[in-house]
$ cat start-v3.pdb   # PDB, C-alpha atoms
ATOM      1  CA  MET A   1     -27.463  20.629  -2.327
ATOM      2  CA  SER A   2     -26.757  19.455  -5.881
ATOM      3  CA  VAL A   3     -29.795  17.182  -6.029
ATOM      4  CA  LEU A   4     -32.159  19.317  -3.936
ATOM      5  CA  PRO A   5     -32.209  22.731  -5.663
ATOM      6  CA  GLY A   6     -33.254  25.476  -3.292
ATOM      7  CA  ALA A   7     -32.728  23.390  -0.167
ATOM      8  CA  ASP A   8     -31.215  25.220   2.802
ATOM      9  CA  MET A   9     -28.466  22.881   4.033
ATOM     10  CA  GLU A  10     -26.673  25.308   6.331
ATOM     11  CA  GLY A  11     -26.140  23.733   9.748
ATOM     12  CA  THR A  12     -27.268  20.310   8.529
ATOM     13  CA  THR A  13     -25.369  17.409  10.096
ATOM     14  CA  PHE A  14     -24.039  14.520   8.044
ATOM     15  CA  GLU A  15     -26.681  12.174   9.480
ATOM     16  CA  GLU A  16     -29.463  14.618   8.565
ATOM     17  CA  ALA A  17     -28.062  15.098   5.071
ATOM     18  CA  PHE A  18     -27.782  11.360   4.542
ATOM     19  CA  GLN A  19     -31.388  10.882   5.622
ATOM     20  CA  LEU A  20     -32.507  13.586   3.196
ATOM     21  CA  LEU A  21     -30.558  11.909   0.406
ATOM     22  CA  GLY A  22     -32.549   8.730   0.971
ATOM     23  CA  GLU A  23     -35.716  10.666   0.174
ATOM     24  CA  VAL A  24     -34.459  11.916  -3.198
ATOM     25  CA  ASP A  25     -35.961  10.333  -6.295
ATOM     26  CA  ARG A  26     -33.482   7.940  -7.939
ATOM     27  CA  SER A  27     -33.852   9.698 -11.287
ATOM     28  CA  LEU A  28     -32.475  12.913  -9.750
ATOM     29  CA  LEU A  29     -29.481  11.042  -8.361
ATOM     30  CA  GLU A  30     -28.799   9.470 -11.740
ATOM     31  CA  GLU A  31     -29.061  12.900 -13.375
ATOM     32  CA  TYR A  32     -26.587  14.271 -10.838
ATOM     33  CA  GLU A  33     -24.123  11.485 -11.638
ATOM     34  CA  ARG A  34     -24.449  12.175 -15.385
ATOM     35  CA  ASP A  35     -23.825  15.881 -14.792
ATOM     36  CA  LEU A  36     -20.851  15.080 -12.556
ATOM     37  CA  TRP A  37     -19.274  13.168 -15.422
ATOM     38  CA  ASP A  38     -20.206  15.634 -18.168
ATOM     39  CA  ASP A  39     -19.127  18.735 -16.235
ATOM     40  CA  GLU A  40     -16.270  17.530 -14.039
ATOM     41  CA  ARG A  41     -15.217  14.186 -15.516
ATOM     42  CA  ARG A  42     -15.806  12.372 -12.201
ATOM     43  CA  ARG A  43     -17.604   9.046 -11.931
ATOM     44  CA  PHE A  44     -18.734   7.114  -8.857
ATOM     45  CA  VAL A  45     -17.502   3.515  -8.911
ATOM     46  CA  PHE A  46     -18.289   2.540  -5.320
ATOM     47  CA  GLY A  47     -20.193   4.059  -2.440
ATOM     48  CA  THR A  48     -21.526   3.368   1.026
ATOM     49  CA  LYS A  49     -22.880   5.661   3.681
ATOM     50  CA  LEU A  50     -19.339   6.398   4.889
ATOM     51  CA  VAL A  51     -17.045   6.231   1.846
ATOM     52  CA  SER A  52     -17.058   6.943  -1.872
ATOM     53  CA  VAL A  53     -14.656   5.907  -4.635
ATOM     54  CA  LEU A  54     -14.529   8.176  -7.678
ATOM     55  CA  ASP A  55     -12.624   7.856 -10.933
ATOM     56  CA  CYS A  56     -11.584  11.224 -12.341
ATOM     57  CA  VAL A  57     -10.022  12.481 -15.558
ATOM     58  CA  THR A  58      -7.699  15.448 -15.124
ATOM     59  CA  GLY A  59      -7.337  18.363 -17.501
ATOM     60  CA  SER A  60      -4.249  16.681 -18.977
ATOM     61  CA  GLY A  61      -6.166  13.462 -19.634
ATOM     62  CA  ASP A  62      -4.679  11.401 -16.798
ATOM     63  CA  CYS A  63      -6.968   9.130 -14.790
ATOM     64  CA  VAL A  64      -6.968   9.185 -10.983
ATOM     65  CA  ARG A  65      -8.930   7.163  -8.421
ATOM     66  CA  LEU A  66     -10.019   8.917  -5.221
ATOM     67  CA  LEU A  67     -11.188   7.555  -1.881
ATOM     68  CA  LEU A  68     -13.323  10.026   0.072
ATOM     69  CA  GLN A  69     -14.754   9.889   3.568
ATOM     70  CA  ASN A  70     -18.314  11.134   3.072
ATOM     71  CA  PRO A  71     -18.597  12.941   6.437
ATOM     72  CA  ASP A  72     -15.542  15.054   5.447
ATOM     73  CA  PRO A  73     -15.200  14.798   1.653
ATOM     74  CA  ARG A  74     -13.044  17.913   1.251
ATOM     75  CA  LEU A  75      -9.895  15.932   2.078
ATOM     76  CA  ALA A  76      -9.252  12.939  -0.176
ATOM     77  CA  GLN A  77      -7.938   9.993   1.832
ATOM     78  CA  THR A  78      -6.287   8.410  -1.184
ATOM     79  CA  ALA A  79      -5.471   9.546  -4.728
ATOM     80  CA  VAL A  80      -3.660   7.183  -7.096
ATOM     81  CA  PRO A  81      -3.254   6.966 -10.881
ATOM     82  CA  ILE A  82      -5.216   4.338 -12.802
ATOM     83  CA  CYS A  83      -4.953   3.136 -16.377
ATOM     84  CA  GLU A  84      -8.533   4.019 -17.305
ATOM     85  CA  VAL A  85     -11.836   4.984 -15.739
ATOM     86  CA  GLY A  86     -13.476   1.872 -14.333
ATOM     87  CA  ALA A  87     -10.213  -0.087 -14.095
ATOM     88  CA  ARG A  88     -10.383  -3.087 -11.779
ATOM     89  CA  SER A  89      -7.514  -1.786  -9.639
ATOM     90  CA  PRO A  90      -4.559   0.589  -9.949
ATOM     91  CA  PRO A  91      -1.307  -0.719 -11.428
ATOM     92  CA  LEU A  92       1.431  -1.890  -9.072
ATOM     93  CA  PRO A  93       2.994   0.402  -8.119
ATOM     94  CA  ALA A  94       0.593   3.348  -8.234
ATOM     95  CA  LEU A  95       2.413   6.251  -6.588
ATOM     96  CA  PRO A  96       0.270   9.026  -5.088
ATOM     97  CA  PRO A  97       1.069  12.005  -7.354
ATOM     98  CA  LEU A  98       2.897  14.869  -5.678
ATOM     99  CA  LEU A  99       1.890  17.462  -8.266
ATOM    100  CA  GLY A 100      -1.093  18.097 -10.514
ATOM    101  CA  GLN A 101      -4.821  18.469 -10.061
ATOM    102  CA  PHE A 102      -5.050  15.701  -7.441
ATOM    103  CA  GLY A 103      -1.539  16.051  -6.060
ATOM    104  CA  SER A 104      -0.874  15.055  -2.456
ATOM    105  CA  HIS A 105       2.184  15.178  -0.203
ATOM    106  CA  LEU A 106       1.042  12.093   1.700
ATOM    107  CA  GLY A 107       3.000   9.772  -0.581
ATOM    108  CA  GLY A 108       6.014  11.184   1.221
ATOM    109  CA  LEU A 109       5.185   8.989   4.212
ATOM    110  CA  ALA A 110       6.903   6.183   2.295
ATOM    111  CA  LEU A 111      10.176   8.029   2.924
ATOM    112  CA  ALA A 112      10.126   6.370   6.356
ATOM    113  CA  ALA A 113      10.998   3.079   4.641
ATOM    114  CA  ALA A 114      13.742   4.806   2.650
ATOM    115  CA  ALA A 115      15.193   6.319   5.830
ATOM    116  CA  TRP A 116      15.186   2.883   7.474
ATOM    117  CA  ARG A 117      17.001   1.352   4.481
ATOM    118  CA  ALA A 118      19.573   4.125   4.487
ATOM    119  CA  ALA A 119      20.351   3.480   8.147
ATOM    120  CA  GLN A 120      20.416  -0.323   7.896
ATOM    121  CA  GLY A 121      22.360  -0.732   4.676
ATOM    122  CA  PRO A 122      21.410  -2.435   1.396
ATOM    123  CA  GLY A 123      21.710  -5.983   2.757
ATOM    124  CA  ALA A 124      19.117  -5.525   5.503
ATOM    125  CA  VAL A 125      16.162  -7.933   5.484
ATOM    126  CA  GLY A 126      12.758  -6.329   5.894
ATOM    127  CA  PRO A 127      11.551  -3.947   7.082
ATOM    128  CA  ARG A 128       8.663  -4.959   9.303
ATOM    129  CA  VAL A 129       6.126  -2.239   8.513
ATOM    130  CA  LEU A 130       3.045  -1.336  10.539
ATOM    131  CA  VAL A 131       0.646   1.205   9.016
ATOM    132  CA  LEU A 132      -2.160   2.584  11.185
ATOM    133  CA  GLY A 133      -4.967   4.033   9.040
ATOM    134  CA  GLY A 134      -4.177   5.041   5.499
ATOM    135  CA  GLY A 135      -7.496   4.863   3.615
ATOM    136  CA  GLY A 136      -6.891   3.097   0.306
ATOM    137  CA  ALA A 137      -3.423   2.062   1.566
ATOM    138  CA  ALA A 138      -1.487   3.643  -1.311
ATOM    139  CA  VAL A 139       1.619   4.131   0.861
ATOM    140  CA  PRO A 140       1.860   0.548   2.250
ATOM    141  CA  ARG A 141       1.064  -0.812  -1.208
ATOM    142  CA  THR A 142       3.949   1.228  -2.613
ATOM    143  CA  ILE A 143       6.313   0.025   0.120
ATOM    144  CA  ALA A 144       5.328  -3.589  -0.571
ATOM    145  CA  ALA A 145       6.008  -3.131  -4.300
ATOM    146  CA  ALA A 146       9.328  -1.335  -3.811
ATOM    147  CA  LEU A 147      10.644  -3.631  -1.050
ATOM    148  CA  PRO A 148       9.548  -7.210  -1.840
ATOM    149  CA  ARG A 149      11.224  -8.550   1.319
ATOM    150  CA  ALA A 150       9.179  -6.256   3.565
ATOM    151  CA  THR A 151       6.323  -7.531   5.693
ATOM    152  CA  VAL A 152       3.480  -5.020   5.797
ATOM    153  CA  GLU A 153       0.488  -4.899   8.129
ATOM    154  CA  VAL A 154      -2.206  -2.250   7.690
ATOM    155  CA  VAL A 155      -4.778  -1.634  10.433
ATOM    156  CA  GLU A 156      -7.908   0.240   9.350
ATOM    157  CA  LEU A 157     -10.842   0.833  11.676
ATOM    158  CA  CYS A 158     -13.555   1.478   9.074
ATOM    159  CA  ALA A 159     -14.993  -1.683   7.483
ATOM    160  CA  ASP A 160     -16.253   0.284   4.456
ATOM    161  CA  THR A 161     -12.769   1.687   3.866
ATOM    162  CA  ARG A 162     -11.273  -1.808   4.054
ATOM    163  CA  ALA A 163     -13.840  -3.056   1.527
ATOM    164  CA  ALA A 164     -13.035  -0.197  -0.853
ATOM    165  CA  ALA A 165      -9.280  -0.734  -0.449
ATOM    166  CA  ARG A 166      -9.576  -4.420  -1.263
ATOM    167  CA  ALA A 167     -11.957  -4.080  -4.196
ATOM    168  CA  PHE A 168     -10.761  -0.871  -5.866
ATOM    169  CA  PHE A 169      -7.202  -0.121  -4.689
ATOM    170  CA  GLY A 170      -5.520  -3.490  -5.222
ATOM    171  CA  LEU A 171      -5.318  -4.691  -1.631
ATOM    172  CA  ALA A 172      -7.061  -8.009  -2.314
ATOM    173  CA  GLU A 173      -4.310  -8.986  -4.765
ATOM    174  CA  LEU A 174      -1.574  -8.176  -2.257
ATOM    175  CA  GLU A 175      -3.321 -10.091   0.526
ATOM    176  CA  ALA A 176      -3.439 -13.119  -1.775
ATOM    177  CA  ARG A 177       0.356 -13.271  -2.053
ATOM    178  CA  PRO A 178       1.505 -16.796  -1.153
ATOM    179  CA  ASP A 179       4.166 -15.506   1.243
ATOM    180  CA  GLY A 180       1.506 -13.791   3.389
ATOM    181  CA  ALA A 181       3.739 -10.730   3.677
ATOM    182  CA  PHE A 182       0.877  -8.227   3.277
ATOM    183  CA  ARG A 183      -2.070  -8.086   5.663
ATOM    184  CA  LEU A 184      -5.017  -5.703   6.017
ATOM    185  CA  ALA A 185      -6.697  -5.979   9.419
ATOM    186  CA  GLY A 186      -9.647  -4.320  11.126
ATOM    187  CA  GLY A 187      -9.747  -2.718  14.535
ATOM    188  CA  CYS A 188      -8.231   0.228  16.359
ATOM    189  CA  GLY A 189      -4.703   1.012  15.262
ATOM    190  CA  ALA A 190      -3.797   2.476  18.651
ATOM    191  CA  ALA A 191      -4.832  -0.752  20.375
ATOM    192  CA  ARG A 192      -2.841  -2.796  17.843
ATOM    193  CA  LEU A 193       0.291  -0.787  18.599
ATOM    194  CA  ARG A 194      -0.135  -1.113  22.350
ATOM    195  CA  ALA A 195      -0.340  -4.886  21.912
ATOM    196  CA  ALA A 196       2.780  -5.065  19.729
ATOM    197  CA  ALA A 197       5.781  -6.914  21.108
ATOM    198  CA  GLY A 198       8.753  -4.810  22.093
ATOM    199  CA  GLY A 199      11.169  -4.229  19.243
ATOM    200  CA  SER A 200       8.813  -5.756  16.641
ATOM    201  CA  VAL A 201       8.347  -2.739  14.327
ATOM    202  CA  ASP A 202      10.981  -1.311  11.964
ATOM    203  CA  VAL A 203       8.788   1.251  10.201
ATOM    204  CA  LEU A 204       5.649   2.742  11.768
ATOM    205  CA  VAL A 205       3.370   4.930   9.640
ATOM    206  CA  VAL A 206       0.510   6.766  11.380
ATOM    207  CA  ASP A 207      -1.907   8.048   8.728
ATOM    208  CA  ALA A 208      -5.386   7.963  10.246
ATOM    209  CA  ALA A 209      -8.107  10.574   9.711
ATOM    210  CA  ALA A 210     -10.042  12.336  12.466
ATOM    211  CA  GLU A 211     -12.741  14.474  10.760
ATOM    212  CA  GLY A 212     -11.534  17.624  12.523
ATOM    213  CA  LEU A 213     -12.102  16.324  16.054
ATOM    214  CA  GLY A 214     -10.305  18.500  18.598
ATOM    215  CA  GLY A 215      -8.970  20.784  15.895
ATOM    216  CA  LEU A 216      -7.118  18.006  14.043
ATOM    217  CA  HIS A 217      -8.050  16.195  10.848
ATOM    218  CA  ALA A 218      -5.202  13.722  11.491
ATOM    219  CA  PRO A 219      -4.467  11.793  13.625
ATOM    220  CA  PRO A 220      -7.542  10.784  15.716
ATOM    221  CA  PRO A 221      -7.661  11.221  19.520
ATOM    222  CA  PRO A 222      -6.355   7.719  20.420
ATOM    223  CA  PHE A 223      -3.113   8.575  18.599
ATOM    224  CA  ARG A 224      -2.573  11.840  20.484
ATOM    225  CA  THR A 225      -1.897  10.497  23.964
ATOM    226  CA  ARG A 226       1.409  10.151  25.765
ATOM    227  CA  GLY A 227       0.597   6.480  26.306
ATOM    228  CA  PHE A 228       0.330   5.868  22.567
ATOM    229  CA  TRP A 229       3.735   7.398  21.849
ATOM    230  CA  ARG A 230       5.329   5.535  24.734
ATOM    231  CA  ALA A 231       3.925   2.358  23.201
ATOM    232  CA  ALA A 232       5.389   3.401  19.841
ATOM    233  CA  ALA A 233       8.834   3.806  21.405
ATOM    234  CA  ARG A 234       8.530   0.404  23.100
ATOM    235  CA  ALA A 235       7.437  -1.385  19.910
ATOM    236  CA  ALA A 236      10.208   0.205  17.855
ATOM    237  CA  ALA A 237      13.176  -1.980  16.942
ATOM    238  CA  PRO A 238      16.722  -0.548  17.016
ATOM    239  CA  GLY A 239      17.026   1.893  14.130
ATOM    240  CA  ALA A 240      13.245   2.119  13.652
ATOM    241  CA  VAL A 241      11.684   5.052  11.788
ATOM    242  CA  ILE A 242       8.250   6.553  12.487
ATOM    243  CA  ALA A 243       6.233   8.761  10.114
ATOM    244  CA  LEU A 244       3.172  10.740  11.257
ATOM    245  CA  ASN A 245       0.658  12.643   9.138
ATOM    246  CA  LEU A 246      -0.386  15.818  10.990
ATOM    247  CA  VAL A 247      -3.269  17.975   9.701
ATOM    248  CA  GLY A 248      -5.250  20.618  11.567
ATOM    249  CA  GLY A 249      -5.120  24.036  13.172
ATOM    250  CA  ARG A 250      -1.646  25.419  13.751
ATOM    251  CA  GLU A 251      -1.894  25.432  17.548
ATOM    252  CA  GLU A 252      -3.228  21.871  17.704
ATOM    253  CA  VAL A 253      -0.601  20.583  15.264
ATOM    254  CA  GLU A 254       2.246  22.249  17.161
ATOM    255  CA  ALA A 255       0.942  20.969  20.496
ATOM    256  CA  LEU A 256       0.872  17.355  19.293
ATOM    257  CA  GLN A 257       4.273  17.697  17.670
ATOM    258  CA  GLU A 258       5.673  18.902  20.995
ATOM    259  CA  LEU A 259       4.060  15.982  22.849
ATOM    260  CA  VAL A 260       5.572  13.497  20.385
ATOM    261  CA  SER A 261       9.023  15.065  20.740
ATOM    262  CA  GLN A 262       8.777  14.801  24.522
ATOM    263  CA  GLU A 263       7.794  11.129  24.485
ATOM    264  CA  LEU A 264      10.433  10.295  21.852
ATOM    265  CA  ARG A 265      13.157  12.154  23.687
ATOM    266  CA  GLY A 266      16.557  11.178  22.341
ATOM    267  CA  TRP A 267      15.165  10.326  18.900
ATOM    268  CA  SER A 268      16.097  12.240  15.744
ATOM    269  CA  LEU A 269      13.137  14.272  14.468
ATOM    270  CA  LEU A 270      12.419  16.013  11.167
ATOM    271  CA  CYS A 271       9.261  17.981  10.356
ATOM    272  CA  LEU A 272       8.345  18.518   6.707
ATOM    273  CA  PRO A 273       5.589  20.789   5.395
ATOM    274  CA  PRO A 274       4.192  19.885   1.957
ATOM    275  CA  PRO A 275       6.796  20.483  -0.769
ATOM    276  CA  PRO A 276       6.363  23.580  -2.942
ATOM    277  CA  GLY A 277       4.519  23.167  -6.201
ATOM    278  CA  GLY A 278       1.713  20.989  -4.871
ATOM    279  CA  LEU A 279      -1.908  21.969  -4.469
ATOM    280  CA  ALA A 280      -2.672  25.097  -2.474
ATOM    281  CA  ASP A 281      -4.496  24.298   0.755
ATOM    282  CA  ALA A 282      -7.980  25.685   0.218
ATOM    283  CA  LEU A 283      -8.962  24.744   3.760
ATOM    284  CA  HIS A 284      -6.135  26.747   5.371
ATOM    285  CA  LEU A 285      -4.991  23.829   7.486
ATOM    286  CA  GLU A 286      -1.513  23.260   8.848
ATOM    287  CA  GLN A 287      -0.117  20.124   7.207
ATOM    288  CA  ARG A 288       3.101  18.395   8.270
ATOM    289  CA  LEU A 289       4.853  15.061   7.966
ATOM    290  CA  LEU A 290       6.801  14.259  11.122
ATOM    291  CA  PHE A 291       9.632  11.712  10.876
ATOM    292  CA  ALA A 292      11.383  10.254  13.919
ATOM    293  CA  ALA A 293      14.299   7.806  14.022
ATOM    294  CA  ALA A 294      15.497   5.774  16.985
ATOM    295  CA  GLY A 295      19.058   6.519  15.777
ATOM    296  CA  PRO A 296      20.495   9.153  13.429
ATOM    297  CA  LEU A 297      18.032  10.145  10.706
ATOM    298  CA  ALA A 298      19.382   9.804   7.181
ATOM    299  CA  ASP A 299      20.299  13.008   5.373
ATOM    300  CA  ALA A 300      19.274  13.664   1.774
ATOM    301  CA  ASP A 301      22.491  12.227   0.323
ATOM    302  CA  GLN A 302      22.078   9.012   2.315
ATOM    303  CA  LEU A 303      18.452   8.792   1.215
ATOM    304  CA  ALA A 304      19.446   9.143  -2.425
ATOM    305  CA  ARG A 305      22.372   6.718  -2.210
ATOM    306  CA  ALA A 306      21.008   3.982   0.052
ATOM    307  CA  GLY A 307      17.350   4.653   0.740
ATOM    308  CA  LEU A 308      15.749   5.364  -2.619
ATOM    309  CA  SER A 309      18.146   3.490  -4.920
ATOM    310  CA  GLY A 310      18.114  -0.234  -5.615
ATOM    311  CA  THR A 311      14.402  -0.678  -4.900
ATOM    312  CA  ALA A 312      12.103  -2.726  -7.131
ATOM    313  CA  CYS A 313      10.241   0.466  -8.034
ATOM    314  CA  ALA A 314      10.142   4.077  -6.888
ATOM    315  CA  LEU A 315       9.043   4.719  -3.299
ATOM    316  CA  VAL A 316       7.800   8.264  -3.944
ATOM    317  CA  ASP A 317       6.633  10.352  -6.860
ATOM    318  CA  GLU A 318       9.095  13.105  -7.845
ATOM    319  CA  PRO A 319      12.005  11.814  -5.720
ATOM    320  CA  GLY A 320      14.207  14.746  -6.712
ATOM    321  CA  ALA A 321      11.695  17.219  -5.282
ATOM    322  CA  TRP A 322      11.437  15.213  -2.074
ATOM    323  CA  LEU A 323      15.209  14.950  -1.667
ATOM    324  CA  GLU A 324      15.655  18.688  -2.062
ATOM    325  CA  HIS A 325      12.826  19.295   0.388
ATOM    326  CA  TRP A 326      14.357  16.836   2.888
ATOM    327  CA  ARG A 327      17.758  18.518   2.525
ATOM    328  CA  ARG A 328      16.394  22.036   2.997
ATOM    329  CA  HIS A 329      14.475  21.217   6.158
ATOM    330  CA  SER A 330      17.228  19.011   7.616
ATOM    331  CA  GLU A 331      19.526  22.019   7.558
ATOM    332  CA  ARG A 332      17.168  24.168   9.619
TER     333      ARG A 332
END
$ encode --input "start-v3.pdb" --output "structure tokens"
Amino acid sequence: MSVLPGADMEGTTFEEAFQLLGEVDRSLLEEYERDLWDDERRRFVFGTKLVSVLDCVTGSGDCVRLLLQNPDPRLAQTAVPICEVGARSPPLPALPPLLGQFGSHLGGLALAAAAWRAAQGPGAVGPRVLVLGGGGAAVPRTIAAALPRATVEVVELCADTRAAARAFFGLAELEARPDGAFRLAGGCGAARLRAAAGGSVDVLVVDAAAEGLGGLHAPPPPFRTRGFWRAAARAAAPGAVIALNLVGGREEVEALQELVSQELRGWSLLCLPPPPGGLADALHLEQRLLFAAAGPLADADQLARAGLSGTACALVDEPGAWLEHWRRHSER
């Protein structure tokens, strides 16, 4: 609509819109990109049919890198701070900001690693982390930076997303570590979990996008079945912690949360909405982070004392806000 003034795009599918874009004169596209920078301080640094990476300057002068899924660009998959527009990759760590213009609660998924540490004690080796989805992999990258003894595997279905994560979100550098403790793999995350050996996962993070299919923007259909959550319980090691990103209509979110609680019967569960002070949800979607522990789930004091302290760097942005949020909802 921005490059085709007067065009009626109502009811146009993504495929139709993409085909129309291919017919636009290149000079108009270049003019649109100049206007995007002049008016909104956003600059494209990478793009394919399916994904876009944009560098943005906030009103306060901070720089943020975004990863967008083009079929559903209203929800940023990843938002991390960068040193300057056009930077090769974000610094390590680059915590997803909780507050501000591009704030996101999804960095809170890293609390699963903190909860595991709190339960295991400071001398525990690991954890073995499996992340299914995750876009630019800001959360697993943060876990790898904060817990150098962790082994982290990320499974991302979209090849374009993997390419963007490696080239513009620092994943290539982590994969090049000589200890081989960080791995980004392709394929279906649900299939990877079903193939996992019993007791082989300490921390499982499910953060895959679904483009609104079946009333949910996250997770996708393969992650909503009873079989998937039975496989999660089987793959979980003693004391394992699971974190799930849930986004969608209220009824659909509550239905999946109930299914998960049934299949993880006997586990400790905690459901967190986004903390106060973050961005208002312009799309009016229900958003929750669901945490489940195979044993007792750490309380806020345990998180502060044993989960979030003593790490190589912070696991979450604004840890005080997260701890208060965790405490308030644990008491409900």
$ atom_distance --input "start-v3.pdb" --atom1 "CA of Ser52 (chain A)" --atom2 "CA of Ala243 (chain A)"
26.3 Å
$ resolve_selection --input "start-v3.pdb" --expression "the PyMOL selection byres ((chain A and resi 105) around 12)" --output "ChimeraX atom specification"
/A:76-79,95-100,102-104,106-111,139,245-247,272-281,287-289,316-319,321-322,325
$ write_last_selection --input "start-v3.pdb" --atoms "C-alpha atoms" --output "CSV table (one decimal), keeping the file's coordinate frame"
chain,number,residue,atom,x,y,z
A,76,ALA,CA,-9.3,12.9,-0.2
A,77,GLN,CA,-7.9,10.0,1.8
A,78,THR,CA,-6.3,8.4,-1.2
A,79,ALA,CA,-5.5,9.5,-4.7
A,95,LEU,CA,2.4,6.3,-6.6
A,96,PRO,CA,0.3,9.0,-5.1
A,97,PRO,CA,1.1,12.0,-7.4
A,98,LEU,CA,2.9,14.9,-5.7
A,99,LEU,CA,1.9,17.5,-8.3
A,100,GLY,CA,-1.1,18.1,-10.5
A,102,PHE,CA,-5.0,15.7,-7.4
A,103,GLY,CA,-1.5,16.1,-6.1
A,104,SER,CA,-0.9,15.1,-2.5
A,106,LEU,CA,1.0,12.1,1.7
A,107,GLY,CA,3.0,9.8,-0.6
A,108,GLY,CA,6.0,11.2,1.2
A,109,LEU,CA,5.2,9.0,4.2
A,110,ALA,CA,6.9,6.2,2.3
A,111,LEU,CA,10.2,8.0,2.9
A,139,VAL,CA,1.6,4.1,0.9
A,245,ASN,CA,0.7,12.6,9.1
A,246,LEU,CA,-0.4,15.8,11.0
A,247,VAL,CA,-3.3,18.0,9.7
A,272,LEU,CA,8.3,18.5,6.7
A,273,PRO,CA,5.6,20.8,5.4
A,274,PRO,CA,4.2,19.9,2.0
A,275,PRO,CA,6.8,20.5,-0.8
A,276,PRO,CA,6.4,23.6,-2.9
A,277,GLY,CA,4.5,23.2,-6.2
A,278,GLY,CA,1.7,21.0,-4.9
A,279,LEU,CA,-1.9,22.0,-4.5
A,280,ALA,CA,-2.7,25.1,-2.5
A,281,ASP,CA,-4.5,24.3,0.8
A,287,GLN,CA,-0.1,20.1,7.2
A,288,ARG,CA,3.1,18.4,8.3
A,289,LEU,CA,4.9,15.1,8.0
A,316,VAL,CA,7.8,8.3,-3.9
A,317,ASP,CA,6.6,10.4,-6.9
A,318,GLU,CA,9.1,13.1,-7.8
A,319,PRO,CA,12.0,11.8,-5.7
A,321,ALA,CA,11.7,17.2,-5.3
A,322,TRP,CA,11.4,15.2,-2.1
A,325,HIS,CA,12.8,19.3,0.4
$ residues_around --input "start-v3.pdb" --residues "Ala165 (chain A)" --least-positions-apart "2" --cutoff "10 Å" --atoms "all atoms listed in the file" --output "PyMOL selection string"
chain A and resi 53+67+78+89+134-138+156+159-163+167-172+184
$ atom_distance --input "start-v3.pdb" --atom1 "CA of Gly249 (chain A)" --atom2 "CA of Ala231 (chain A)"
25.5 Å
$ closest_residue --input "start-v3.pdb" --among "A:Ala113, A:Val85, A:Phe14, A:Asp39" --to "Gly307 (chain A)" --atoms "all atoms listed in the file"
A:Ala113
$ axis_aligned_box --input "start-v3.pdb" --around "region 137-144 of chain A" --padding-each-side "4 Å" --output "lines of an AutoDock Vina configuration file"
center_x = 1.4
center_y = 0.3
center_z = -0.2
size_x = 17.7
size_y = 15.7
size_z = 12.9
$ closest_atom_pairs --input "start-v3.pdb" --of "region 34-129 of chain A" --to "region 291-300 of chain A" --cutoff "9 Å" --atoms "all atoms listed in the file" --output "tab-separated table"
residue	atom	partner	partner_atom	distance
A:Leu109	CA	A:Phe291	CA	8.5
A:Leu111	CA	A:Phe291	CA	8.8
A:Ala112	CA	A:Phe291	CA	7.0
A:Ala114	CA	A:Ala298	CA	8.8
A:Ala115	CA	A:Ala298	CA	5.6
A:Trp116	CA	A:Ala298	CA	8.1
A:Ala118	CA	A:Ala298	CA	6.3
A:Ala119	CA	A:Ala298	CA	6.5
$ closest_residue --input "start-v3.pdb" --among "A:Leu54, A:Glu23, A:Arg117, A:His329" --to "Arg305 (chain A)" --atoms "all atoms listed in the file"
A:Arg117
$ resolve_selection --input "start-v3.pdb" --expression "the PyMOL selection byres ((chain A and resi 82) around 6)" --output "ChimeraX atom specification"
/A:63-64,81,83-84,90
$ resolve_selection --input "start-v3.pdb" --expression "the PyMOL selection byres ((chain A and resi 219) around 8)" --output "list in words"
Val206, Asp207, Ala208, Ala209, Ala210, Leu216, His217, Ala218, Pro220, Pro221, Phe223, Arg224, Asn245, Leu246 and Val247 of chain A
$ closest_residue --input "start-v3.pdb" --among "A:Ala124, A:Ala235, A:Ala144, A:Val45" --to "Ala196 (chain A)" --atoms "all atoms listed in the file"
A:Ala235
$ closest_residue --input "start-v3.pdb" --among "A:Phe182, A:Gly121, A:Glu16, A:Ala94" --to "Leu308 (chain A)" --atoms "all atoms listed in the file"
A:Gly121
$ atom_distance --input "start-v3.pdb" --atom1 "CA of Leu270 (chain A)" --atom2 "CA of Glu252 (chain A)"
17.9 Å
$ closest_residue --input "start-v3.pdb" --among "A:Leu157, A:Val129, A:Ala304, A:Ala314" --to "Val205 (chain A)" --atoms "only C-alpha atoms"
A:Val129
$ closest_residue --input "start-v3.pdb" --among "A:Arg149, A:Gly199, A:Phe44, A:Pro222" --to "Tyr32 (chain A)" --atoms "all atoms listed in the file"
A:Phe44
$ residues_near_point --input "start-v3.pdb" --point "(10.6, -11.1, 2.3)" --cutoff "12 Å" --atoms "all atoms listed in the file" --output "ChimeraX atom specification"
/A:124-129,144-152,177-182
$ residues_around --input "start-v3.pdb" --residues "Arg234 (chain A)" --least-positions-apart "2" --cutoff "12 Å" --atoms "all atoms listed in the file" --output "number ranges by chain"
A: 193-202, 204, 227-232, 236-238, 240, 263-264, 294
